[in-house]
>>> print(open('query_20.cif').read())   # mmCIF, N, CA and C atoms
data_final
#
loop_
_atom_site.label_atom_id
_atom_site.label_comp_id
_atom_site.auth_asym_id
_atom_site.auth_seq_id
_atom_site.Cartn_x
_atom_site.Cartn_y
_atom_site.Cartn_z
N MET A 1 -71.57 -40.80 101.11
CA MET A 1 -70.82 -41.52 100.12
C MET A 1 -70.85 -40.79 98.77
N LEU A 2 -72.04 -40.27 98.40
CA LEU A 2 -72.16 -39.53 97.14
C LEU A 2 -71.25 -38.30 97.16
N LEU A 3 -71.18 -37.61 98.28
CA LEU A 3 -70.33 -36.43 98.41
C LEU A 3 -68.87 -36.79 98.22
N LEU A 4 -68.43 -37.90 98.79
CA LEU A 4 -67.05 -38.35 98.65
C LEU A 4 -66.73 -38.67 97.18
N TRP A 5 -67.64 -39.34 96.48
CA TRP A 5 -67.44 -39.66 95.07
C TRP A 5 -67.36 -38.39 94.21
N MET A 6 -68.23 -37.38 94.49
CA MET A 6 -68.22 -36.13 93.74
C MET A 6 -66.92 -35.38 93.95
N CYS A 7 -66.41 -35.40 95.17
CA CYS A 7 -65.14 -34.72 95.46
C CYS A 7 -64.00 -35.40 94.72
N ALA A 8 -63.97 -36.73 94.73
CA ALA A 8 -62.90 -37.46 94.04
C ALA A 8 -62.98 -37.24 92.54
N ALA A 9 -64.17 -37.22 91.99
CA ALA A 9 -64.32 -36.99 90.55
C ALA A 9 -63.87 -35.57 90.18
N GLY A 10 -64.17 -34.62 91.03
CA GLY A 10 -63.77 -33.24 90.77
C GLY A 10 -62.28 -33.04 90.86
N CYS A 11 -61.61 -33.80 91.71
CA CYS A 11 -60.16 -33.67 91.87
C CYS A 11 -59.40 -34.39 90.77
N ALA A 12 -60.04 -35.34 90.10
CA ALA A 12 -59.35 -36.15 89.11
C ALA A 12 -59.04 -35.37 87.83
N SER A 13 -59.87 -34.41 87.47
CA SER A 13 -59.60 -33.67 86.23
C SER A 13 -59.71 -32.17 86.51
N PRO A 14 -58.64 -31.43 86.20
CA PRO A 14 -58.68 -29.99 86.48
C PRO A 14 -59.71 -29.30 85.60
N PRO A 15 -60.35 -28.23 86.09
CA PRO A 15 -61.37 -27.54 85.32
C PRO A 15 -60.81 -26.62 84.23
N PHE A 16 -59.49 -26.51 84.12
CA PHE A 16 -58.88 -25.64 83.13
C PHE A 16 -57.62 -26.28 82.61
N ALA A 17 -57.19 -25.84 81.44
CA ALA A 17 -55.96 -26.37 80.84
C ALA A 17 -54.74 -25.82 81.58
N PRO A 18 -53.70 -26.63 81.73
CA PRO A 18 -52.50 -26.12 82.41
C PRO A 18 -51.85 -25.02 81.58
N ARG A 19 -51.27 -24.05 82.25
CA ARG A 19 -50.59 -22.94 81.57
C ARG A 19 -49.17 -23.36 81.24
N THR A 20 -48.76 -23.06 80.02
CA THR A 20 -47.38 -23.32 79.63
C THR A 20 -46.78 -22.01 79.16
N ALA A 21 -45.76 -21.58 79.84
CA ALA A 21 -45.10 -20.32 79.49
C ALA A 21 -44.23 -20.52 78.25
N ALA A 22 -44.17 -19.51 77.42
CA ALA A 22 -43.34 -19.55 76.23
C ALA A 22 -42.71 -18.17 76.03
N VAL A 23 -41.71 -18.10 75.15
CA VAL A 23 -40.99 -16.86 74.91
C VAL A 23 -40.74 -16.69 73.42
N ILE A 24 -40.94 -15.47 72.93
CA ILE A 24 -40.52 -15.09 71.58
C ILE A 24 -39.35 -14.14 71.75
N GLN A 25 -38.23 -14.45 71.09
CA GLN A 25 -37.03 -13.63 71.23
C GLN A 25 -36.61 -13.06 69.89
N GLY A 26 -35.91 -11.95 69.97
CA GLY A 26 -35.40 -11.34 68.75
C GLY A 26 -34.64 -10.07 69.04
N ASN A 27 -34.48 -9.28 67.99
CA ASN A 27 -33.76 -8.01 68.09
C ASN A 27 -34.53 -6.94 67.34
N VAL A 28 -34.52 -5.74 67.89
CA VAL A 28 -35.04 -4.56 67.21
C VAL A 28 -33.83 -3.84 66.63
N VAL A 29 -33.92 -3.49 65.35
CA VAL A 29 -32.82 -2.79 64.69
C VAL A 29 -33.36 -1.59 63.93
N TYR A 30 -32.49 -0.64 63.66
CA TYR A 30 -32.82 0.48 62.77
C TYR A 30 -31.57 0.81 61.98
N ARG A 31 -31.75 1.40 60.80
CA ARG A 31 -30.64 1.63 59.88
C ARG A 31 -29.92 2.97 60.08
N GLU A 32 -30.57 3.92 60.73
CA GLU A 32 -29.97 5.23 60.93
C GLU A 32 -28.72 5.10 61.80
N ARG A 33 -27.74 5.92 61.50
CA ARG A 33 -26.50 5.91 62.29
C ARG A 33 -26.61 6.98 63.36
N LEU A 34 -27.35 6.67 64.40
CA LEU A 34 -27.48 7.60 65.51
C LEU A 34 -27.68 6.80 66.78
N ALA A 35 -27.20 7.37 67.85
CA ALA A 35 -27.37 6.73 69.16
C ALA A 35 -28.67 7.24 69.77
N LEU A 36 -29.38 6.34 70.41
CA LEU A 36 -30.59 6.74 71.11
C LEU A 36 -30.22 7.46 72.41
N PRO A 37 -30.96 8.48 72.78
CA PRO A 37 -30.68 9.16 74.05
C PRO A 37 -31.09 8.27 75.23
N PRO A 38 -30.61 8.60 76.43
CA PRO A 38 -30.91 7.77 77.61
C PRO A 38 -32.40 7.65 77.94
N ASP A 39 -33.22 8.61 77.51
CA ASP A 39 -34.65 8.53 77.83
C ASP A 39 -35.45 7.74 76.79
N ALA A 40 -34.78 7.10 75.84
CA ALA A 40 -35.47 6.27 74.84
C ALA A 40 -36.04 5.02 75.50
N ILE A 41 -37.22 4.60 75.03
CA ILE A 41 -37.87 3.39 75.52
C ILE A 41 -38.32 2.57 74.32
N VAL A 42 -37.94 1.30 74.29
CA VAL A 42 -38.34 0.38 73.23
C VAL A 42 -39.51 -0.45 73.75
N HIS A 43 -40.57 -0.52 72.95
CA HIS A 43 -41.75 -1.32 73.27
C HIS A 43 -41.88 -2.39 72.20
N VAL A 44 -41.95 -3.65 72.61
CA VAL A 44 -42.15 -4.75 71.67
C VAL A 44 -43.32 -5.57 72.21
N ARG A 45 -44.35 -5.76 71.36
CA ARG A 45 -45.58 -6.44 71.81
C ARG A 45 -45.93 -7.60 70.90
N LEU A 46 -46.41 -8.67 71.50
CA LEU A 46 -47.06 -9.76 70.79
C LEU A 46 -48.55 -9.46 70.85
N VAL A 47 -49.18 -9.32 69.68
CA VAL A 47 -50.59 -8.91 69.64
C VAL A 47 -51.41 -9.87 68.78
N ASP A 48 -52.68 -10.00 69.16
CA ASP A 48 -53.67 -10.75 68.40
C ASP A 48 -54.32 -9.77 67.42
N ILE A 49 -54.15 -10.02 66.12
CA ILE A 49 -54.68 -9.11 65.09
C ILE A 49 -55.79 -9.79 64.28
N SER A 50 -56.49 -10.71 64.89
CA SER A 50 -57.49 -11.53 64.18
C SER A 50 -58.72 -10.77 63.75
N ARG A 51 -59.08 -9.71 64.44
CA ARG A 51 -60.32 -9.00 64.13
C ARG A 51 -60.02 -7.74 63.33
N PRO A 52 -60.22 -7.77 62.01
CA PRO A 52 -59.95 -6.58 61.18
C PRO A 52 -60.78 -5.38 61.64
N GLY A 53 -60.13 -4.24 61.71
CA GLY A 53 -60.82 -3.02 62.12
C GLY A 53 -60.92 -2.84 63.62
N ALA A 54 -60.61 -3.87 64.38
CA ALA A 54 -60.65 -3.78 65.85
C ALA A 54 -59.24 -3.57 66.36
N PRO A 55 -59.10 -2.95 67.53
CA PRO A 55 -57.76 -2.78 68.10
C PRO A 55 -57.11 -4.14 68.38
N ALA A 56 -55.81 -4.21 68.18
CA ALA A 56 -55.07 -5.43 68.47
C ALA A 56 -55.09 -5.68 69.98
N ARG A 57 -55.19 -6.95 70.37
CA ARG A 57 -55.17 -7.32 71.79
C ARG A 57 -53.75 -7.75 72.15
N THR A 58 -53.17 -7.12 73.17
CA THR A 58 -51.81 -7.44 73.59
C THR A 58 -51.80 -8.75 74.37
N VAL A 59 -50.95 -9.69 73.93
CA VAL A 59 -50.81 -10.98 74.58
C VAL A 59 -49.58 -10.97 75.50
N GLY A 60 -48.53 -10.27 75.08
CA GLY A 60 -47.30 -10.15 75.87
C GLY A 60 -46.53 -8.92 75.43
N GLU A 61 -45.68 -8.41 76.32
CA GLU A 61 -44.93 -7.19 76.00
C GLU A 61 -43.59 -7.19 76.72
N HIS A 62 -42.60 -6.59 76.07
CA HIS A 62 -41.30 -6.34 76.70
C HIS A 62 -40.97 -4.87 76.49
N VAL A 63 -40.67 -4.18 77.59
CA VAL A 63 -40.31 -2.76 77.55
C VAL A 63 -38.84 -2.66 77.95
N ILE A 64 -38.05 -1.96 77.13
CA ILE A 64 -36.62 -1.81 77.38
C ILE A 64 -36.32 -0.32 77.55
N ARG A 65 -35.88 0.06 78.72
CA ARG A 65 -35.52 1.46 78.99
C ARG A 65 -34.02 1.64 78.76
N ASN A 66 -33.64 2.82 78.22
CA ASN A 66 -32.24 3.13 77.92
C ASN A 66 -31.60 1.95 77.17
N PRO A 67 -32.08 1.65 75.97
CA PRO A 67 -31.69 0.42 75.27
C PRO A 67 -30.28 0.38 74.71
N GLY A 68 -29.63 1.52 74.55
CA GLY A 68 -28.31 1.50 73.95
C GLY A 68 -28.39 1.39 72.43
N ALA A 69 -27.34 0.89 71.83
CA ALA A 69 -27.26 0.80 70.37
C ALA A 69 -27.87 -0.49 69.86
N PRO A 70 -28.37 -0.49 68.61
CA PRO A 70 -28.90 -1.72 68.05
C PRO A 70 -27.78 -2.70 67.72
N PRO A 71 -28.08 -3.98 67.68
CA PRO A 71 -29.39 -4.59 67.86
C PRO A 71 -29.82 -4.56 69.33
N ILE A 72 -31.12 -4.35 69.53
CA ILE A 72 -31.68 -4.26 70.88
C ILE A 72 -32.45 -5.56 71.13
N PRO A 73 -31.92 -6.43 72.00
CA PRO A 73 -32.57 -7.73 72.23
C PRO A 73 -33.87 -7.58 73.02
N PHE A 74 -34.84 -8.45 72.67
CA PHE A 74 -36.09 -8.50 73.42
C PHE A 74 -36.49 -9.95 73.64
N ALA A 75 -37.30 -10.17 74.65
CA ALA A 75 -37.86 -11.48 74.96
C ALA A 75 -39.27 -11.25 75.50
N ILE A 76 -40.27 -11.67 74.73
CA ILE A 76 -41.66 -11.50 75.15
C ILE A 76 -42.15 -12.82 75.72
N ARG A 77 -42.52 -12.79 76.99
CA ARG A 77 -43.08 -13.97 77.63
C ARG A 77 -44.60 -13.95 77.49
N TYR A 78 -45.17 -15.11 77.24
CA TYR A 78 -46.63 -15.23 77.12
C TYR A 78 -47.04 -16.62 77.56
N GLU A 79 -48.31 -16.77 77.83
CA GLU A 79 -48.86 -18.06 78.22
C GLU A 79 -49.33 -18.80 76.97
N GLY A 80 -48.95 -20.05 76.83
CA GLY A 80 -49.32 -20.84 75.67
C GLY A 80 -50.83 -20.94 75.47
N VAL A 81 -51.59 -20.94 76.55
CA VAL A 81 -53.05 -21.04 76.43
C VAL A 81 -53.65 -19.78 75.82
N ASP A 82 -52.89 -18.67 75.77
CA ASP A 82 -53.39 -17.44 75.16
C ASP A 82 -53.30 -17.45 73.64
N ILE A 83 -52.62 -18.44 73.08
CA ILE A 83 -52.45 -18.54 71.62
C ILE A 83 -53.44 -19.57 71.08
N GLN A 84 -54.29 -19.12 70.18
CA GLN A 84 -55.31 -19.99 69.58
C GLN A 84 -54.95 -20.25 68.12
N PRO A 85 -55.08 -21.50 67.65
CA PRO A 85 -54.66 -21.82 66.28
C PRO A 85 -55.48 -21.12 65.19
N ASP A 86 -56.67 -20.68 65.50
CA ASP A 86 -57.51 -20.03 64.48
C ASP A 86 -57.36 -18.51 64.47
N ARG A 87 -56.37 -17.99 65.17
CA ARG A 87 -56.16 -16.54 65.26
C ARG A 87 -54.85 -16.16 64.58
N SER A 88 -54.69 -14.86 64.29
CA SER A 88 -53.46 -14.34 63.69
C SER A 88 -52.74 -13.46 64.71
N TYR A 89 -51.42 -13.61 64.77
CA TYR A 89 -50.62 -12.87 65.74
C TYR A 89 -49.49 -12.13 65.02
N ALA A 90 -49.04 -11.05 65.64
CA ALA A 90 -47.99 -10.23 65.04
C ALA A 90 -47.17 -9.59 66.15
N ILE A 91 -46.02 -9.06 65.75
CA ILE A 91 -45.16 -8.30 66.65
C ILE A 91 -45.26 -6.84 66.26
N GLN A 92 -45.48 -5.98 67.23
CA GLN A 92 -45.43 -4.53 67.04
C GLN A 92 -44.20 -4.04 67.79
N ALA A 93 -43.45 -3.14 67.18
CA ALA A 93 -42.29 -2.55 67.85
C ALA A 93 -42.27 -1.06 67.58
N PHE A 94 -41.97 -0.31 68.62
CA PHE A 94 -41.80 1.13 68.45
C PHE A 94 -40.88 1.65 69.54
N ILE A 95 -40.26 2.80 69.25
CA ILE A 95 -39.35 3.44 70.20
C ILE A 95 -39.86 4.84 70.46
N THR A 96 -39.98 5.16 71.73
CA THR A 96 -40.34 6.53 72.10
C THR A 96 -39.10 7.24 72.61
N VAL A 97 -39.03 8.54 72.32
CA VAL A 97 -37.94 9.39 72.78
C VAL A 97 -38.57 10.63 73.38
N ASP A 98 -38.26 10.89 74.63
CA ASP A 98 -38.83 12.03 75.34
C ASP A 98 -40.36 11.97 75.31
N GLY A 99 -40.90 10.73 75.39
CA GLY A 99 -42.34 10.54 75.42
C GLY A 99 -43.04 10.63 74.08
N LYS A 100 -42.28 10.83 72.99
CA LYS A 100 -42.88 10.95 71.65
C LYS A 100 -42.40 9.80 70.77
N LEU A 101 -43.27 9.41 69.83
CA LEU A 101 -42.92 8.32 68.92
C LEU A 101 -41.72 8.71 68.06
N GLY A 102 -40.68 7.89 68.08
CA GLY A 102 -39.46 8.17 67.32
C GLY A 102 -39.22 7.19 66.20
N PHE A 103 -39.56 5.90 66.43
CA PHE A 103 -39.38 4.84 65.44
C PHE A 103 -40.57 3.89 65.55
N THR A 104 -40.92 3.28 64.43
CA THR A 104 -41.94 2.22 64.43
C THR A 104 -41.66 1.27 63.28
N ASN A 105 -42.19 0.02 63.37
CA ASN A 105 -42.03 -0.87 62.24
C ASN A 105 -43.02 -0.47 61.15
N PRO A 106 -42.55 -0.39 59.89
CA PRO A 106 -43.33 0.21 58.80
C PRO A 106 -44.72 -0.40 58.57
N GLN A 107 -44.83 -1.72 58.64
CA GLN A 107 -46.12 -2.35 58.42
C GLN A 107 -46.96 -2.37 59.70
N LEU A 108 -46.43 -1.84 60.79
CA LEU A 108 -47.05 -1.83 62.12
C LEU A 108 -47.15 -3.21 62.73
N HIS A 109 -47.12 -4.25 61.93
CA HIS A 109 -47.20 -5.61 62.46
C HIS A 109 -46.26 -6.51 61.69
N THR A 110 -45.48 -7.31 62.38
CA THR A 110 -44.66 -8.34 61.76
C THR A 110 -45.28 -9.67 62.13
N PRO A 111 -45.77 -10.45 61.14
CA PRO A 111 -46.45 -11.71 61.45
C PRO A 111 -45.56 -12.66 62.25
N VAL A 112 -46.19 -13.48 63.08
CA VAL A 112 -45.47 -14.42 63.94
C VAL A 112 -45.78 -15.85 63.50
N ASP A 113 -44.73 -16.65 63.34
CA ASP A 113 -44.87 -18.08 63.08
C ASP A 113 -44.35 -18.79 64.33
N PHE A 114 -45.28 -19.34 65.12
CA PHE A 114 -44.90 -19.96 66.39
C PHE A 114 -44.14 -21.26 66.20
N ASP A 115 -44.17 -21.83 65.01
CA ASP A 115 -43.45 -23.08 64.74
C ASP A 115 -42.00 -22.84 64.33
N ARG A 116 -41.66 -21.58 64.07
CA ARG A 116 -40.32 -21.22 63.60
C ARG A 116 -39.37 -21.07 64.79
N ASP A 117 -38.20 -21.63 64.67
CA ASP A 117 -37.17 -21.47 65.69
C ASP A 117 -36.28 -20.29 65.32
N GLY A 118 -35.55 -19.78 66.29
CA GLY A 118 -34.60 -18.71 66.02
C GLY A 118 -35.12 -17.36 66.44
N LEU A 119 -34.26 -16.37 66.26
CA LEU A 119 -34.58 -15.01 66.66
C LEU A 119 -35.29 -14.25 65.54
N LEU A 120 -36.25 -13.42 65.93
CA LEU A 120 -36.89 -12.52 64.98
C LEU A 120 -36.05 -11.25 64.88
N GLU A 121 -36.05 -10.62 63.72
CA GLU A 121 -35.43 -9.31 63.58
C GLU A 121 -36.51 -8.33 63.16
N ILE A 122 -36.76 -7.34 63.99
CA ILE A 122 -37.78 -6.34 63.73
C ILE A 122 -37.07 -5.04 63.37
N THR A 123 -37.28 -4.56 62.15
CA THR A 123 -36.67 -3.32 61.70
C THR A 123 -37.67 -2.19 61.91
N VAL A 124 -37.24 -1.17 62.63
CA VAL A 124 -38.06 0.02 62.83
C VAL A 124 -37.47 1.17 62.03
N GLU A 125 -38.34 2.09 61.63
CA GLU A 125 -37.91 3.25 60.85
C GLU A 125 -38.22 4.52 61.62
N ARG A 126 -37.41 5.50 61.36
CA ARG A 126 -37.53 6.80 62.03
C ARG A 126 -38.82 7.52 61.62
N THR A 127 -39.47 8.15 62.59
CA THR A 127 -40.68 8.91 62.31
C THR A 127 -40.42 10.41 62.31
N GLY A 128 -39.20 10.82 62.68
CA GLY A 128 -38.86 12.23 62.65
C GLY A 128 -38.55 12.84 63.99
N ASN A 129 -38.87 12.17 65.08
CA ASN A 129 -38.72 12.78 66.40
C ASN A 129 -37.34 12.64 67.06
N PRO A 130 -36.59 11.53 66.94
CA PRO A 130 -35.41 11.34 67.77
C PRO A 130 -34.44 12.51 67.70
N ARG A 131 -33.91 12.83 68.88
CA ARG A 131 -32.98 13.95 68.96
C ARG A 131 -31.65 13.61 68.36
#
>>> encode(input="query_20.cif", output="structure tokens")
Amino acid sequence: MLLLWMCAAGCASPPFAPRTAAVIQGNVVYRERLALPPDAIVHVRLVDISRPGAPARTVGEHVIRNPGAPPIPFAIRYEGVDIQPDRSYAIQAFITVDGKLGFTNPQLHTPVDFDRDGLLEITVERTGNPR
């Protein structure tokens, strides 16, 4: 009887919080009037930047191959349980061309407001590499 009660009690409440998927959407843009070559790759990451001096922890990422002309749309999927209210989060965006860094966002991180609706616009600047 005790075993039956323990099993029922264990089944009544899950041992972990349910996962809720969420998405951050936006566009990556750059001001230069040039077309990206077909081997360009856009990387957009949602990162936890809470620990100063420590590497940012990636929470979600969207990689776009052969992105075409800007604006370049992105959608980063992440689990809601990965976002903690006492932490700071940001978006990192960069474009590689022929395996080398070609564009990056100037501040390296664009802060994220999870309560804000609408699309984010991430502006990247040329680093000197794009063909």
>>> select_by_dssp(input="query_20.cif", residues="chain A", states="alpha helix (DSSP H)", output="number ranges by chain")
A: 2-12
>>> atom_distance(input="query_20.cif", atom1="atom C of Arg77 in chain A", atom2="atom C of Val44 in chain A")
10.0 Å
>>> closest_residue(input="query_20.cif", among="A:Gly102, A:Leu46, A:Thr58, A:Thr110", to="Ile76 in chain A", atoms="all atoms listed in the file")
A:Leu46
>>> select_by_dssp(input="query_20.cif", residues="range 39-113 of chain A", states="strand (DSSP E or B)", output="ChimeraX atom specification")
/A:41-48,57-65,72-79,89-97,100-104,110-111
>>> residues_around(input="query_20.cif", residues="Pro71 in chain A", least_positions_apart="5", cutoff="12 Å", atoms="only C-alpha atoms", output="list in words")
Gly26, Asn27, Val28, Val29, Tyr30, Arg31, Ala35, Leu36, Val42, Leu119, Leu120, Glu121, Ile122, Thr123 and Val124 of chain A
>>> resolve_selection(input="query_20.cif", expression="the PyMOL selection byres (((chain A and resi 112-114 and name CA) around 12) and name CA)", output="PyMOL selection string")
chain A and resi 22-26+45-49+78+80+83-85+87-92+109-111+115-122
>>> resolve_selection(input="query_20.cif", expression="the PyMOL selection byres ((chain A and resi 101) around 8)", output="list in words")
Phe94, Ile95, Thr96, Val97, Asp98, Gly99, Lys100, Gly102, Phe103, Thr104, Arg126, Thr127, Gly128, Asn129 and Pro130 of chain A
>>> atom_distance(input="query_20.cif", atom1="CA of Ala56 in chain A", atom2="CA of Ala21 in chain A")
21.0 Å
